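*Asks:* Input target-v1.txt, format and content: compact mmCIF, C-alpha atoms.
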```txt
# COMPACT_ATOMS: atom_id res chain seq x y z
CA MET A 1 9.54 35.95 -51.36
CA ARG A 2 12.58 37.12 -49.51
CA GLY A 3 16.12 36.47 -50.51
CA HIS A 4 18.51 34.66 -48.24
CA GLY A 5 21.92 35.27 -49.65
CA ASN A 6 23.71 34.16 -46.51
CA LEU A 7 22.41 30.61 -46.76
CA LEU A 8 24.74 29.39 -49.45
CA GLY A 9 27.70 29.03 -47.23
CA LEU A 10 29.82 31.10 -44.94
CA TYR A 11 32.32 31.57 -47.70
CA VAL A 12 34.18 34.87 -47.48
CA PRO A 13 35.80 35.68 -50.83
CA GLY A 14 39.45 36.47 -50.59
CA ASN A 15 42.90 35.79 -51.92
CA SER A 16 44.71 34.58 -48.82
CA ALA A 17 47.12 31.68 -48.70
CA LEU A 18 44.37 29.34 -47.52
CA HIS A 19 41.98 30.52 -50.23
CA ARG A 20 44.55 29.40 -52.78
CA THR A 21 45.30 26.06 -51.10
CA PRO A 22 43.65 23.14 -52.90
CA LEU A 23 40.57 21.71 -51.15
CA TRP A 24 41.99 18.21 -50.58
CA LEU A 25 45.01 19.62 -48.75
CA LYS A 26 42.83 21.79 -46.50
CA VAL A 27 40.57 18.82 -45.70
CA LEU A 28 43.58 16.64 -44.95
CA LEU A 29 45.20 19.23 -42.68
CA SER A 30 42.04 20.03 -40.71
CA VAL A 31 41.16 16.34 -40.24
CA LEU A 32 44.72 15.62 -39.12
CA LEU A 33 44.66 18.51 -36.65
CA SER A 34 41.26 17.44 -35.25
CA THR A 35 42.17 13.80 -34.80
CA ALA A 36 45.56 14.75 -33.31
CA VAL A 37 44.08 16.87 -30.50
CA LEU A 38 41.28 14.35 -29.86
CA ALA A 39 43.74 11.45 -29.69
CA ALA A 40 46.28 13.27 -27.50
CA ARG A 41 43.79 14.44 -24.84
CA ALA A 42 46.55 16.55 -23.32
CA PRO A 43 46.37 20.22 -22.37
CA GLU A 44 49.58 20.98 -24.31
CA ALA A 45 48.12 19.49 -27.50
CA THR A 46 44.86 21.38 -27.06
CA ALA A 47 46.70 24.66 -26.50
CA ALA A 48 48.86 24.03 -29.56
CA GLY A 49 45.78 23.15 -31.61
CA LEU A 50 44.01 26.32 -30.53
CA ALA A 51 47.07 28.35 -31.48
CA VAL A 52 47.24 26.68 -34.91
CA VAL A 53 43.58 27.27 -35.79
CA THR A 54 43.75 30.85 -34.54
CA LEU A 55 46.80 31.51 -36.69
CA ALA A 56 45.14 29.78 -39.66
CA LEU A 57 42.00 31.89 -39.30
CA THR A 58 43.72 35.23 -38.76
CA ILE A 59 46.92 35.07 -40.81
CA GLY A 60 46.16 32.13 -43.13
CA ALA A 61 42.64 33.12 -44.14
CA HIS A 62 42.51 36.86 -43.23
CA THR A 63 39.14 36.27 -41.56
CA PRO A 64 37.34 39.53 -40.70
CA ALA A 65 36.75 40.04 -36.98
CA VAL A 66 32.96 40.07 -37.47
CA GLN A 67 33.08 36.64 -39.08
CA LEU A 68 35.27 35.29 -36.25
CA GLY A 69 32.72 36.52 -33.72
CA LYS A 70 29.86 34.90 -35.65
CA THR A 71 31.80 31.63 -35.61
CA VAL A 72 32.65 31.53 -31.93
CA LEU A 73 29.62 33.23 -30.32
CA PRO A 74 27.03 30.48 -30.97
CA LEU A 75 29.40 27.96 -29.37
CA LEU A 76 29.90 29.89 -26.17
CA PRO A 77 26.78 28.78 -24.22
CA VAL A 78 27.46 25.07 -24.77
CA LEU A 79 31.19 25.39 -24.19
CA GLY A 80 30.57 27.47 -21.08
CA LEU A 81 28.25 24.83 -19.64
CA LEU A 82 30.75 22.10 -20.44
CA LEU A 83 33.60 24.08 -18.86
CA ALA A 84 31.56 24.67 -15.71
CA TYR A 85 30.44 21.05 -15.44
CA GLN A 86 33.87 19.56 -16.13
CA GLY A 87 35.64 22.10 -13.96
CA PHE A 88 33.31 21.22 -11.10
CA THR A 89 33.54 17.43 -11.42
CA ASN A 90 37.00 16.74 -12.87
CA GLY A 91 39.02 19.87 -12.31
CA PRO A 92 40.17 22.72 -14.56
CA VAL A 93 42.63 20.81 -16.77
CA PRO A 94 40.19 18.16 -18.13
CA ALA A 95 37.64 20.95 -18.51
CA PHE A 96 40.06 22.92 -20.70
CA VAL A 97 40.92 19.80 -22.74
CA THR A 98 37.29 18.79 -23.42
CA ALA A 99 36.00 22.25 -24.30
CA GLY A 100 39.22 23.24 -26.12
CA ASN A 101 39.22 20.12 -28.28
CA ILE A 102 35.65 20.79 -29.41
CA LEU A 103 36.60 24.37 -30.24
CA VAL A 104 39.65 23.21 -32.21
CA CYS A 105 37.57 20.75 -34.28
CA VAL A 106 34.80 23.24 -34.99
CA LEU A 107 37.23 25.99 -35.97
CA ALA A 108 39.37 23.66 -38.09
CA ALA A 109 36.28 22.67 -40.05
CA ARG A 110 35.22 26.31 -40.22
CA VAL A 111 38.52 27.27 -41.88
CA LEU A 112 37.38 25.10 -44.79
CA THR A 113 33.93 26.64 -45.12
CA LEU A 114 35.29 30.16 -44.81
CA THR A 115 37.84 29.75 -47.58
CA THR A 116 36.01 27.44 -50.01
CA PRO A 117 32.83 28.30 -51.98
CA GLY A 118 29.86 26.09 -51.11
CA GLN A 119 29.57 24.60 -54.57
CA GLU A 120 33.21 23.56 -54.51
CA LEU A 121 32.70 21.82 -51.15
CA LEU A 122 29.73 19.89 -52.53
CA ASP A 123 31.69 18.95 -55.65
CA GLY A 124 34.32 17.61 -53.27
CA VAL A 125 31.70 15.50 -51.48
CA VAL A 126 30.47 14.07 -54.77
CA PHE A 127 34.07 13.33 -55.74
CA VAL A 128 34.63 11.50 -52.46
CA ALA A 129 31.37 9.59 -53.01
CA ARG A 130 32.58 8.09 -56.30
CA PRO A 131 33.57 4.70 -54.83
CA VAL A 132 29.90 3.99 -53.92
CA ARG A 133 29.46 3.10 -57.59
CA ALA A 134 31.11 -0.21 -56.71
CA VAL A 135 28.26 -1.14 -54.34
CA GLY A 136 25.47 0.01 -56.67
CA GLY A 137 25.28 3.67 -55.70
CA ASP A 138 25.08 6.48 -58.17
CA PRO A 139 27.26 9.51 -57.40
CA GLU A 140 25.74 11.60 -60.23
CA ARG A 141 22.23 11.35 -58.78
CA PHE A 142 23.72 12.11 -55.37
CA GLY A 143 25.29 15.26 -56.79
CA LEU A 144 21.99 16.19 -58.45
CA ALA A 145 20.17 15.75 -55.12
CA LEU A 146 22.74 18.03 -53.43
CA SER A 147 22.19 20.69 -56.11
CA ILE A 148 18.39 20.53 -55.66
CA LEU A 149 18.93 20.77 -51.91
CA MET A 150 21.02 23.93 -52.24
CA ARG A 151 18.59 25.49 -54.68
CA SER A 152 15.56 24.74 -52.51
CA ILE A 153 16.78 26.17 -49.18
CA PRO A 154 16.30 29.86 -50.09
CA TYR A 155 12.89 29.08 -51.62
CA LEU A 156 11.67 27.18 -48.57
CA ALA A 157 13.12 29.61 -46.03
CA GLY A 158 11.42 32.48 -47.88
CA SER A 159 8.18 30.54 -48.02
CA LEU A 160 8.37 29.82 -44.26
CA LEU A 161 8.83 33.53 -43.50
CA ASP A 162 5.99 34.54 -45.85
CA VAL A 163 3.58 32.04 -44.33
CA ARG A 164 4.62 33.13 -40.84
CA ASP A 165 3.78 36.73 -41.76
CA ALA A 166 0.42 35.65 -43.16
CA ALA A 167 -0.33 33.72 -39.96
CA ARG A 168 0.66 36.73 -37.86
CA ALA A 169 -1.74 38.89 -39.83
CA ARG A 170 -4.52 36.48 -38.81
CA GLY A 171 -3.32 36.42 -35.18
CA LEU A 172 -2.11 32.83 -35.49
CA GLU A 173 1.64 33.37 -35.10
CA ARG A 174 1.76 30.91 -32.19
CA SER A 175 0.13 28.11 -34.14
CA VAL A 176 2.68 25.79 -35.68
CA ARG A 177 -0.01 24.22 -37.85
CA ALA A 178 -0.82 27.59 -39.41
CA THR A 179 2.86 28.36 -39.95
CA VAL A 180 4.22 25.01 -41.11
CA VAL A 181 1.45 23.04 -42.89
CA PRO A 182 1.21 25.37 -45.91
CA VAL A 183 4.98 25.30 -46.27
CA VAL A 184 5.22 21.51 -46.20
CA VAL A 185 2.32 21.05 -48.61
CA SER A 186 3.80 23.55 -51.03
CA ALA A 187 7.23 21.91 -50.59
CA VAL A 188 5.79 18.55 -51.67
CA ALA A 189 4.11 20.22 -54.65
CA TYR A 190 7.38 21.97 -55.47
CA ALA A 191 9.25 18.65 -55.28
CA HIS A 192 6.74 17.06 -57.66
CA ARG A 193 7.14 19.94 -60.11
CA THR A 194 10.92 19.69 -59.87
CA GLY A 195 10.78 15.93 -60.37
CA GLU A 196 8.60 16.28 -63.45
CA ALA A 197 10.88 18.98 -64.84
CA LEU A 198 13.90 16.71 -64.29
CA ALA A 199 12.15 13.75 -65.90
CA ALA A 200 11.19 15.89 -68.89
CA ARG A 201 14.85 16.70 -69.39
CA GLY A 202 15.97 13.13 -68.84
CA LEU A 203 17.80 14.03 -65.65
CA GLY A 204 17.86 12.09 -62.43
CA GLU A 205 16.67 8.88 -63.99
CA ASP A 206 18.34 5.69 -63.09
CA ASP A 207 20.01 4.62 -66.29
CA ARG A 208 21.82 1.63 -64.94
CA PRO A 209 20.67 -1.69 -66.43
CA THR A 210 17.70 -3.21 -64.61
CA PRO A 211 18.48 -6.54 -63.03
CA GLY A 212 16.29 -9.14 -64.70
CA ALA A 213 15.25 -6.88 -67.58
CA MET B 1 -1.68 22.92 -57.81
CA HIS B 2 -2.62 19.33 -58.60
CA PRO B 3 0.60 17.37 -58.60
CA THR B 4 -0.93 14.27 -57.01
CA ARG B 5 -0.45 12.39 -60.24
CA GLN B 6 2.87 10.81 -59.55
CA THR B 7 5.38 10.83 -62.35
CA ILE B 8 6.23 7.28 -63.21
CA ILE B 9 9.14 6.99 -65.51
CA GLY B 10 11.68 4.53 -66.64
CA PRO B 11 11.75 0.83 -65.92
CA ALA B 12 11.15 1.51 -62.23
CA GLY B 13 7.46 2.35 -62.61
CA LYS B 14 6.37 -0.13 -59.99
CA SER B 15 7.53 1.49 -56.82
CA SER B 16 6.92 -0.44 -53.66
CA TRP B 17 8.67 0.89 -50.65
CA HIS B 18 9.74 -2.42 -49.19
CA SER B 19 11.52 -4.00 -52.12
CA ARG B 20 14.79 -2.48 -53.22
CA LYS B 21 13.34 -0.18 -55.81
CA ARG B 22 14.79 2.45 -58.07
CA TRP B 23 14.06 6.01 -57.16
CA THR B 24 12.35 8.06 -59.85
CA SER B 25 13.38 11.66 -60.39
CA THR B 26 10.32 12.66 -58.36
CA ASP B 27 11.57 10.55 -55.46
CA LEU B 28 14.99 12.13 -55.86
CA SER B 29 13.58 15.65 -55.77
CA LEU B 30 11.28 14.83 -52.81
CA ILE B 31 14.35 13.64 -50.91
CA ALA B 32 16.35 16.76 -51.77
CA VAL B 33 13.47 19.16 -51.04
CA PHE B 34 12.80 17.56 -47.66
CA ALA B 35 16.48 17.81 -46.80
CA ALA B 36 16.20 21.50 -47.70
CA LEU B 37 13.03 21.79 -45.60
CA ILE B 38 14.84 20.47 -42.53
CA ALA B 39 17.61 22.96 -43.21
CA ALA B 40 15.14 25.83 -43.56
CA LEU B 41 13.38 24.83 -40.32
CA ALA B 42 16.73 24.49 -38.53
CA ILE B 43 18.20 27.85 -39.48
CA LEU B 44 15.14 30.05 -39.02
CA PRO B 45 14.57 31.33 -35.49
CA GLY B 46 12.18 29.16 -33.48
CA ILE B 47 8.48 29.88 -33.20
CA PRO B 48 7.17 30.87 -29.75
CA ILE B 49 4.84 28.10 -28.61
CA GLY B 50 1.88 28.13 -26.27
CA SER B 51 0.98 30.65 -23.62
CA LEU B 52 4.51 30.79 -22.20
CA GLY B 53 5.95 31.56 -25.61
CA VAL B 54 9.02 29.38 -25.24
CA PRO B 55 10.66 29.41 -28.67
CA ILE B 56 11.38 25.93 -30.00
CA THR B 57 13.61 25.21 -32.95
CA LEU B 58 11.96 23.09 -35.56
CA GLN B 59 14.92 21.01 -36.78
CA THR B 60 13.69 17.81 -35.10
CA LEU B 61 10.16 18.53 -36.33
CA GLY B 62 11.53 18.41 -39.87
CA VAL B 63 13.36 15.15 -39.18
CA VAL B 64 10.24 13.38 -37.89
CA LEU B 65 8.17 14.90 -40.71
CA ALA B 66 10.55 13.49 -43.32
CA GLY B 67 9.91 10.00 -41.96
CA LEU B 68 6.16 10.39 -41.49
CA VAL B 69 5.62 12.00 -44.90
CA LEU B 70 8.12 10.19 -47.12
CA GLY B 71 8.26 6.76 -45.49
CA PRO B 72 11.32 4.91 -44.22
CA THR B 73 13.78 4.76 -47.12
CA ARG B 74 13.16 8.16 -48.66
CA GLY B 75 12.92 9.70 -45.19
CA PHE B 76 16.25 8.17 -44.22
CA ALA B 77 17.78 9.40 -47.47
CA ALA B 78 16.42 12.92 -46.99
CA VAL B 79 17.77 13.27 -43.46
CA GLY B 80 21.02 11.60 -44.48
CA LEU B 81 21.42 14.09 -47.33
CA TYR B 82 20.80 16.96 -44.93
CA LEU B 83 23.46 15.56 -42.62
CA VAL B 84 25.99 15.10 -45.44
CA ALA B 85 25.43 18.65 -46.68
CA GLY B 86 25.89 20.00 -43.16
CA LEU B 87 28.99 17.97 -42.44
CA ALA B 88 30.44 19.06 -45.78
CA GLY B 89 30.14 22.66 -44.67
CA LEU B 90 26.79 24.10 -45.74
CA PRO B 91 25.47 26.11 -42.78
CA VAL B 92 22.32 24.02 -42.38
CA PHE B 93 22.48 22.94 -38.75
CA SER B 94 20.65 25.01 -36.15
CA GLY B 95 22.46 28.22 -35.28
CA PHE B 96 24.24 28.22 -38.67
CA ARG B 97 26.71 25.62 -37.45
CA SER B 98 28.28 23.41 -40.05
CA GLY B 99 31.26 21.33 -40.99
CA PHE B 100 32.53 18.01 -39.73
CA GLY B 101 33.74 19.76 -36.58
CA VAL B 102 30.28 19.26 -35.07
CA LEU B 103 31.11 15.55 -34.88
CA ALA B 104 33.47 16.42 -32.02
CA GLY B 105 30.82 18.50 -30.27
CA PRO B 106 28.49 17.29 -27.54
CA SER B 107 25.45 17.32 -29.83
CA ALA B 108 26.99 14.93 -32.38
CA GLY B 109 24.94 11.99 -31.10
CA TYR B 110 21.68 13.81 -31.79
CA LEU B 111 22.69 14.66 -35.34
CA LEU B 112 23.85 11.14 -36.16
CA ALA B 113 20.61 9.69 -34.75
CA PHE B 114 18.36 11.82 -36.98
CA PRO B 115 18.40 9.58 -40.10
CA PHE B 116 17.57 6.53 -38.00
CA ALA B 117 14.75 8.41 -36.30
CA ALA B 118 13.28 9.18 -39.73
CA LEU B 119 13.77 5.55 -40.80
CA LEU B 120 11.91 4.15 -37.79
CA ALA B 121 9.21 6.83 -37.81
CA GLY B 122 8.65 6.21 -41.52
CA PHE B 123 8.46 2.46 -41.08
CA LEU B 124 5.84 2.77 -38.34
CA ALA B 125 3.96 5.47 -40.27
CA VAL B 126 3.59 3.22 -43.31
CA LEU B 127 2.21 0.44 -41.12
CA ILE B 128 -0.28 2.81 -39.50
CA LEU B 129 -1.44 4.57 -42.66
CA ARG B 130 -1.98 1.29 -44.53
CA ARG B 131 -3.72 -0.55 -41.70
CA ALA B 132 -5.55 1.97 -39.58
CA ALA B 133 -8.56 3.90 -40.76
CA ARG B 134 -9.14 5.67 -37.45
CA PHE B 135 -6.97 7.10 -34.69
CA ARG B 136 -4.34 7.87 -37.30
CA TRP B 137 -3.21 11.00 -35.53
CA ILE B 138 -2.52 9.11 -32.30
CA GLY B 139 -0.78 6.41 -34.33
CA LEU B 140 1.50 8.85 -36.12
CA PHE B 141 2.20 10.70 -32.88
CA LEU B 142 3.22 7.44 -31.19
CA ALA B 143 5.29 6.47 -34.26
CA GLY B 144 7.27 9.69 -34.06
CA LEU B 145 7.63 9.52 -30.30
CA THR B 146 8.74 5.88 -30.37
CA ALA B 147 11.28 6.64 -33.07
CA SER B 148 12.76 9.56 -31.18
CA LEU B 149 12.81 7.73 -27.83
CA LEU B 150 14.54 4.71 -29.35
CA THR B 151 17.08 6.56 -31.50
CA VAL B 152 17.55 10.28 -30.81
CA HIS B 153 17.65 10.15 -27.02
CA PRO B 154 19.94 7.10 -26.54
CA LEU B 155 22.40 8.27 -29.20
CA GLY B 156 22.16 11.83 -27.93
CA ILE B 157 23.03 10.69 -24.42
CA ALA B 158 25.89 8.61 -25.82
CA GLY B 159 27.20 11.72 -27.59
CA LEU B 160 27.02 13.78 -24.41
CA VAL B 161 28.96 11.09 -22.53
CA ILE B 162 31.61 10.47 -25.19
CA ASN B 163 32.19 14.00 -26.55
CA GLY B 164 31.12 16.08 -23.59
CA GLY B 165 32.71 13.87 -20.97
CA LEU B 166 29.53 13.87 -18.86
CA GLU B 167 28.69 11.15 -16.36
CA VAL B 168 25.86 8.95 -17.66
CA GLN B 169 23.45 10.24 -15.00
CA ALA B 170 24.23 13.86 -15.80
CA ALA B 171 23.83 13.14 -19.51
CA VAL B 172 20.41 11.57 -18.96
CA LEU B 173 19.38 14.62 -16.94
CA ALA B 174 20.67 16.99 -19.62
CA ASP B 175 18.81 15.00 -22.26
CA ALA B 176 15.57 14.98 -20.25
CA VAL B 177 15.37 18.76 -20.76
CA PHE B 178 14.49 18.09 -24.40
CA LEU B 179 11.73 15.56 -23.66
CA PRO B 180 8.75 17.94 -23.22
CA GLY B 181 9.61 19.79 -26.41
CA ASP B 182 10.01 16.47 -28.14
CA VAL B 183 6.51 15.35 -27.17
CA VAL B 184 5.09 18.67 -28.42
CA LYS B 185 6.99 18.46 -31.69
CA ASN B 186 5.90 14.89 -32.36
CA ALA B 187 2.28 15.83 -31.71
CA LEU B 188 2.64 18.70 -34.20
CA ALA B 189 4.44 16.53 -36.73
CA ALA B 190 1.64 13.94 -36.64
CA GLY B 191 -0.98 16.60 -37.41
CA ILE B 192 1.13 18.15 -40.17
CA ALA B 193 1.88 14.75 -41.72
CA LEU B 194 -1.85 13.89 -41.78
CA SER B 195 -2.62 17.16 -43.56
CA VAL B 196 0.10 16.46 -46.12
CA HIS B 197 -1.17 12.92 -46.72
CA ARG B 198 -4.68 14.31 -47.22
CA ALA B 199 -3.30 16.70 -49.83
CA PHE B 200 -1.12 14.04 -51.50
CA PRO B 201 -2.79 10.67 -50.89
CA ARG B 202 -0.33 8.80 -53.07
CA LEU B 203 2.86 9.81 -51.31
CA LEU B 204 3.06 6.55 -49.36
CA ALA B 205 0.70 4.49 -51.52
CA PRO B 206 2.06 1.12 -52.57
CA ALA B 207 1.39 1.99 -56.25
CA ARG B 208 1.11 -1.64 -57.24
CA ARG B 209 -0.85 -0.98 -60.42
CA PRO B 210 -0.61 2.31 -62.31
CA LYS B 211 -4.25 1.77 -63.43
CA ALA B 212 -5.41 3.35 -60.18
CA GLY B 213 -4.82 6.60 -62.05
CA ALA B 214 -4.79 10.16 -60.80
CA SER B 215 -6.56 10.39 -57.48
CA SER B 216 -6.99 14.12 -57.35
```
What would the structure in this file look like if it were written as structure tokens?
*Replies:*
Amino acid sequence: MRGHGNLLGLYVPGNSALHRTPLWLKVLLSVLLSTAVLAARAPEATAAGLAVVTLALTIGAHTPAVQLGKTVLPLLPVLGLLLAYQGFTNGPVPAFVTAGNILVCVLAARVLTLTTPGQELLDGVVFVARPVRAVGGDPERFGLALSILMRSIPYLAGSLLDVRDAARARGLERSVRATVVPVVVSAVAYAHRTGEALAARGLGEDDRPTPGA
Amino acid sequence: MHPTRQTIIGPAGKSSWHSRKRWTSTDLSLIAVFAALIAALAILPGIPIGSLGVPITLQTLGVVLAGLVLGPTRGFAAVGLYLVAGLAGLPVFSGFRSGFGVLAGPSAGYLLAFPFAALLAGFLAVLILRRAARFRWIGLFLAGLTASLLTVHPLGIAGLVINGGLEVQAAVLADAVFLPGDVVKNALAAGIALSVHRAFPRLLAPARRPKAGASS
């Protein structure tokens, strides 16, 4: 089994101003910035937004250059296509606004993930999910499911790579059946084991009163 | 490895997928593990397929599988959980993207359609697996394909038009690029789901009476 340390978030430990900002404030600011540029749909707003996220990433969060590259590079093909298409049909200014706004939103959200540990983000989601209790939801079980999700990703990714190696050794590396079926079957078995372990510890059960009981 | 005996705990022992039932801790962990499976399939590099060796990413394969294997409600929950985790900032979308910023991107429609694709695929899969004794592979393949044609492609095109600013015609053309891969992935998902149901026959069983006992 191989380890996948990079899967638990893009968090870069640090002590910058944004690392010390509370999560709710960072969420609020990045949502405000995103909605502002999307609502304005003006080149000035997009340029200002790009400047703000760039400043936040470099000065606010002290993001290493490597990490910045990793953030922007995967976006370039899609943004490039959009720029070309929009520039061809609508002209350069709408092209800049469309592609720039997407970049602003993605980077604003990325500021959060770079400066907040993954577990803290998920705790934030569970906190936000608390009002679902009013309509019969259960935020604790939701939080438990998120924890199992995080714990299972490295296991399953490792298992996928192992099975892929085994298939390659048999000359079957192009067969998706040979590379995926064993992983899915063992994932279901793993889920059953986890479920039984949870039940044995009294976790994850629905302890709300049964209607009609 | 004989976990076919389903854990039945608490007052919610009778689990029938259509009534509003309580999820057991096994259901909960199936949902979470399938969400993790989609994430693992999405972030690993694609597998080269066929003689041309075009690499395809397996994110959508995981989405359809969640529906076909877990049924409509748990499938929807699994894909929904995956989406929530990704939007919250875990790098689980393909290409290690994450965060709610993707909602502004041109592929937002595809992501938002995924839970509904699993819901519809799961609904059709339950019908097929309960009713049909033969041609199950074709049935599951058509279930997955129907689900993705009715949910993923329309919403995906809508996302391209709204977020990407494409003309509708251009968006349909851009979307059509994904169709061949989609057919291949649904064919694969049907075969994989059948294998999983052979290994775990009670995954989608109605479980009306616990007296049926362990079926391993």
*Asks:* Of the residues A:Ile148, A:Val183, A:Ala56, A:Ala39, which is the one nearest to B:Thr26, using all atoms listed in the file?
*Replies:* A:Ile148
*Asks:* Could you state the separation of atom CA of A:Gly87 and atom CA of B:Glu167 in Å, given to one decimal place?
*Replies:*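 If I compute the distance from atom CA of A:Gly87 to atom CA of B:Glu167, I get 13.2 Å.
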*Asks:* Find, counting all atoms listed in the file, the residue in B:Ala132, B:Ala118, B:Ala113, B:Leu166 that gets nearest to chain A.
*Replies:*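 Between B:Ala132, B:Ala118, B:Ala113, B:Leu166, the residue approaching chain A most closely is B:Leu166.
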*Asks:* How far is it from atom CA of A:Ser16 to atom CA of A:Thr115, in Å with one decimal?
*Replies:*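 Distance between the two atoms: 8.5 Å.
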*Asks:* Between atom CA of A:Ala17 and atom CA of A:Gly60, measure the distance and give it in Å to one decimal.
*Replies:*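 Going from atom CA of A:Ala17 over to atom CA of A:Gly60 covers 5.7 Å.
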*Asks:* May I ask which of the residues B:Pro115, B:Gly191, B:Gly144, B:Gly71 is the closest one to chain A, counting all atoms listed in the file?
*Replies:*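 When distances to chain A are compared using all atoms listed in the file, the smallest one comes from B:Gly191.
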*Asks:* First collect every listed atom of stretch 72-89 of chain A; then fit an axis-aligned box around them, widen it by 6 Å on each side, and give centre and edge lengths in Å to one decimal, as lines of an AutoDock Vina configuration file.
*Replies:*
```
center_x = 31.2
center_y = 25.3
center_z = -21.5
size_x = 20.9
size_y = 27.8
size_z = 32.8
```
*Asks:* Do a neighbour search on stretch 123-137 of chain A at 9 Å with only C-alpha atoms, toss out local chain neighbours closer than 3 positions, and write the hits as a list in words.
*Replies:*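 Contacts, in chain order: Leu23, Trp24, Gly118, Gln119, Glu120, Glu140, Arg141, Phe142, Gly143 and Leu146 of chain A; Val84, Ala85 and Ala88 of chain B.
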*Asks:* Tell me which protein, DNA and RNA residues are within 12 Å of A:Leu160, counting only C-alpha atoms, leaving out same-chain ones fewer than 3 positions away, and put them as an MDAnalysis selection string.
*Replies:* (chainID A and resid 1:4 153:157 163:167 173 176:187) or (chainID B and resid 36:47 58)
*Asks:* From (21.3, 13.4, -42.8), in the file's coordinates, out to 12 Å: which residues are reached, counting all atoms listed in the file? Answer as a ChimeraX atom specification.
*Replies:* /A:146,149 /B:31-32,34-36,38-39,59-60,62-63,66-67,74-88,92-93,108,110-119
*Asks:* Output C-alpha atoms of each residue in that selection to a file, as a PDB file, keeping the file's coordinate frame.
*Replies:*
```
ATOM      1  CA  LEU A 146      22.740  18.030 -53.430  1.00  0.00           C
ATOM      2  CA  LEU A 149      18.930  20.770 -51.910  1.00  0.00           C
TER       3      LEU A 149
ATOM      4  CA  ILE B  31      14.350  13.640 -50.910  1.00  0.00           C
ATOM      5  CA  ALA B  32      16.350  16.760 -51.770  1.00  0.00           C
ATOM      6  CA  PHE B  34      12.800  17.560 -47.660  1.00  0.00           C
ATOM      7  CA  ALA B  35      16.480  17.810 -46.800  1.00  0.00           C
ATOM      8  CA  ALA B  36      16.200  21.500 -47.700  1.00  0.00           C
ATOM      9  CA  ILE B  38      14.840  20.470 -42.530  1.00  0.00           C
ATOM     10  CA  ALA B  39      17.610  22.960 -43.210  1.00  0.00           C
ATOM     11  CA  GLN B  59      14.920  21.010 -36.780  1.00  0.00           C
ATOM     12  CA  THR B  60      13.690  17.810 -35.100  1.00  0.00           C
ATOM     13  CA  GLY B  62      11.530  18.410 -39.870  1.00  0.00           C
ATOM     14  CA  VAL B  63      13.360  15.150 -39.180  1.00  0.00           C
ATOM     15  CA  ALA B  66      10.550  13.490 -43.320  1.00  0.00           C
ATOM     16  CA  GLY B  67       9.910  10.000 -41.960  1.00  0.00           C
ATOM     17  CA  ARG B  74      13.160   8.160 -48.660  1.00  0.00           C
ATOM     18  CA  GLY B  75      12.920   9.700 -45.190  1.00  0.00           C
ATOM     19  CA  PHE B  76      16.250   8.170 -44.220  1.00  0.00           C
ATOM     20  CA  ALA B  77      17.780   9.400 -47.470  1.00  0.00           C
ATOM     21  CA  ALA B  78      16.420  12.920 -46.990  1.00  0.00           C
ATOM     22  CA  VAL B  79      17.770  13.270 -43.460  1.00  0.00           C
ATOM     23  CA  GLY B  80      21.020  11.600 -44.480  1.00  0.00           C
ATOM     24  CA  LEU B  81      21.420  14.090 -47.330  1.00  0.00           C
ATOM     25  CA  TYR B  82      20.800  16.960 -44.930  1.00  0.00           C
ATOM     26  CA  LEU B  83      23.460  15.560 -42.620  1.00  0.00           C
ATOM     27  CA  VAL B  84      25.990  15.100 -45.440  1.00  0.00           C
ATOM     28  CA  ALA B  85      25.430  18.650 -46.680  1.00  0.00           C
ATOM     29  CA  GLY B  86      25.890  20.000 -43.160  1.00  0.00           C
ATOM     30  CA  LEU B  87      28.990  17.970 -42.440  1.00  0.00           C
ATOM     31  CA  ALA B  88      30.440  19.060 -45.780  1.00  0.00           C
ATOM     32  CA  VAL B  92      22.320  24.020 -42.380  1.00  0.00           C
ATOM     33  CA  PHE B  93      22.480  22.940 -38.750  1.00  0.00           C
ATOM     34  CA  ALA B 108      26.990  14.930 -32.380  1.00  0.00           C
ATOM     35  CA  TYR B 110      21.680  13.810 -31.790  1.00  0.00           C
ATOM     36  CA  LEU B 111      22.690  14.660 -35.340  1.00  0.00           C
ATOM     37  CA  LEU B 112      23.850  11.140 -36.160  1.00  0.00           C
ATOM     38  CA  ALA B 113      20.610   9.690 -34.750  1.00  0.00           C
ATOM     39  CA  PHE B 114      18.360  11.820 -36.980  1.00  0.00           C
ATOM     40  CA  PRO B 115      18.400   9.580 -40.100  1.00  0.00           C
ATOM     41  CA  PHE B 116      17.570   6.530 -38.000  1.00  0.00           C
ATOM     42  CA  ALA B 117      14.750   8.410 -36.300  1.00  0.00           C
ATOM     43  CA  ALA B 118      13.280   9.180 -39.730  1.00  0.00           C
ATOM     44  CA  LEU B 119      13.770   5.550 -40.800  1.00  0.00           C
TER      45      LEU B 119
END
```
*Asks:* Would you mind telling me which residue in B:Leu120, B:Ala158, B:Leu30, B:Ala174 lies nearest to A:Arg193 when using all atoms listed in the file?
*Replies:*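 Among B:Leu120, B:Ala158, B:Leu30, B:Ala174, it is B:Leu30 that comes nearest to A:Arg193.
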*Asks:* Give me, as an mmCIF file with C-alpha atoms, in the coordinates of the input, all polymer residues having an atom no more than 8 Å from B:Ala190, counting only C-alpha atoms and skipping those fewer than 4 positions away in the same chain.
*Replies:*
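Contents of selection-v3.cif, as written:
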```
data_model
loop_
_atom_site.group_PDB
_atom_site.id
_atom_site.type_symbol
_atom_site.label_atom_id
_atom_site.label_comp_id
_atom_site.auth_asym_id
_atom_site.auth_seq_id
_atom_site.Cartn_x
_atom_site.Cartn_y
_atom_site.Cartn_z
ATOM 1 C CA LEU B 65 8.170 14.900 -40.710
ATOM 2 C CA LEU B 68 6.160 10.390 -41.490
ATOM 3 C CA TRP B 137 -3.210 11.000 -35.530
ATOM 4 C CA ILE B 138 -2.520 9.110 -32.300
ATOM 5 C CA LEU B 140 1.500 8.850 -36.120
ATOM 6 C CA PHE B 141 2.200 10.700 -32.880
ATOM 7 C CA GLY B 144 7.270 9.690 -34.060
ATOM 8 C CA ASN B 186 5.900 14.890 -32.360
ATOM 9 C CA LEU B 194 -1.850 13.890 -41.780
#
```
